[in-house]
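Novice: The structure file run-v3.txt (compact mmCIF, C-alpha atoms) is provided below.
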# COMPACT_ATOMS: atom_id res chain seq x y z
CA MET A 124 49.76 -38.96 99.18
CA LYS A 125 50.29 -35.20 99.13
CA ILE A 126 52.81 -35.53 96.33
CA LEU A 127 50.28 -37.42 94.19
CA ILE A 128 47.71 -34.69 94.75
CA TYR A 129 50.26 -32.03 93.78
CA ILE A 130 51.14 -33.94 90.61
CA VAL A 131 47.47 -34.25 89.63
CA LEU A 132 46.91 -30.55 90.35
CA ALA A 133 49.96 -29.62 88.28
CA VAL A 134 48.72 -31.67 85.33
CA LEU A 135 45.24 -30.14 85.60
CA ALA A 136 46.74 -26.65 85.83
CA LEU A 137 48.84 -27.31 82.73
CA ILE A 138 45.79 -28.49 80.80
CA ALA A 139 43.81 -25.43 81.94
CA VAL A 140 46.62 -23.10 80.84
CA LEU A 141 46.82 -24.77 77.43
CA ILE A 142 43.06 -24.52 76.89
CA ALA A 143 43.04 -20.88 77.99
CA GLY A 144 45.93 -20.18 75.62
CA VAL A 145 44.12 -21.70 72.66
CA VAL A 146 41.00 -19.66 73.47
CA VAL A 147 42.98 -16.42 73.79
CA VAL A 148 44.90 -16.99 70.55
CA THR A 149 41.71 -17.87 68.68
CA PHE A 150 39.86 -14.78 69.87
CA TYR A 151 42.91 -12.63 69.11
CA ARG A 152 43.06 -14.00 65.56
CA LEU A 153 39.35 -13.39 65.09
CA ALA A 154 39.49 -9.87 66.55
CA THR A 155 42.46 -8.79 64.47
CA GLY A 156 41.23 -10.42 61.27
CA ARG A 157 44.22 -12.72 60.95
CA ILE A 158 42.04 -15.74 60.29
CA SER A 159 40.81 -16.08 56.74
CA LYS A 160 37.19 -16.63 55.75
CA GLU A 161 38.13 -19.98 54.23
CA GLU A 162 39.67 -21.13 57.50
CA GLN A 163 36.62 -19.93 59.45
CA GLU A 164 34.33 -21.88 57.12
CA ARG A 165 36.52 -24.98 57.40
CA ILE A 166 36.40 -24.82 61.21
CA LEU A 167 32.64 -24.29 61.26
CA GLU A 168 32.06 -27.13 58.79
CA ALA A 169 34.17 -29.49 60.91
CA ASP A 170 32.13 -28.50 63.96
CA ARG A 171 28.86 -29.12 62.10
CA ARG A 172 30.09 -32.56 60.98
CA MET A 173 31.11 -33.44 64.53
CA LYS A 174 27.70 -32.41 65.92
CA LYS A 175 25.90 -34.34 63.17
CA ASN A 176 27.94 -37.48 63.90
CA LYS A 177 27.26 -37.11 67.62
CA ARG A 178 23.49 -36.85 67.03
CA LYS A 179 23.63 -39.84 64.68
CA ARG A 180 25.50 -41.93 67.24
CA SER A 181 23.10 -41.04 70.04
CA LYS A 182 20.14 -42.28 67.97
CA ASP A 183 21.90 -45.55 67.14
CA GLY A 184 22.88 -46.49 70.68
CA ASN A 185 20.35 -47.23 73.37
CA PRO A 186 21.69 -46.64 76.90
CA PHE A 187 19.39 -49.38 78.23
CA HIS A 188 20.44 -52.10 75.77
CA PHE A 189 21.44 -54.37 78.66
CA LEU A 190 17.76 -54.65 79.63
CA SER A 191 16.95 -56.41 76.35
CA TYR A 192 19.01 -59.47 77.28
CA PRO A 193 17.13 -62.37 78.88
CA SER A 194 17.61 -62.98 82.56
CA PRO A 195 19.98 -65.85 83.41
CA LEU A 196 17.22 -67.23 85.65
CA ASN A 197 15.17 -67.96 82.52
CA HIS A 198 17.74 -70.52 81.37
CA TRP A 199 16.01 -73.93 81.24
CA GLY A 200 19.00 -75.71 82.77
CA LEU A 201 18.46 -73.97 86.07
CA TRP A 202 14.96 -75.36 86.49
CA HIS A 203 15.22 -78.87 85.04
Would you give me this structure, written as structure tokens?
Specialist:
Amino acid sequence: MKILIYIVLAVLALIAVLIAGVVVVTFYRLATGRISKEEQERILEADRRMKKNKRKRSKDGNPFHFLSYPSPLNHWGLWH
């Protein structure tokens, strides 16, 4: 059991290190000016599209859609 916990912790630590590395590299590129304006605009546009799609999806889906189905107790075969 301890070995499984250590494996999960190692995987989580690896993911955290990778995310931290991406953040550090991105801020370094922004601070030193090594990222072009075109690339900045492309990244920002992709982020805007992702947020727009997320908002669109949230309006389409109703989290309580299961309540719109009729109850199985309303089936006529159960009562006749």
Novice: I'd like the interatomic distance between CA of Asn176 (chain A) and CA of Leu153 (chain A), to a tenth of an Å.
Specialist: 26.7 Å
Novice: Kindly give the distance, in Å, that separates CA of Glu162 (chain A) and CA of Ala136 (chain A), rounded to a single decimal.
Specialist: 29.7 Å
Novice: Could you check how far CA of Met124 (chain A) sits from CA of Leu141 (chain A), in Å to one decimal?
Specialist: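 We find that CA of Met124 (chain A) and CA of Leu141 (chain A) lie 26.1 Å from each other.
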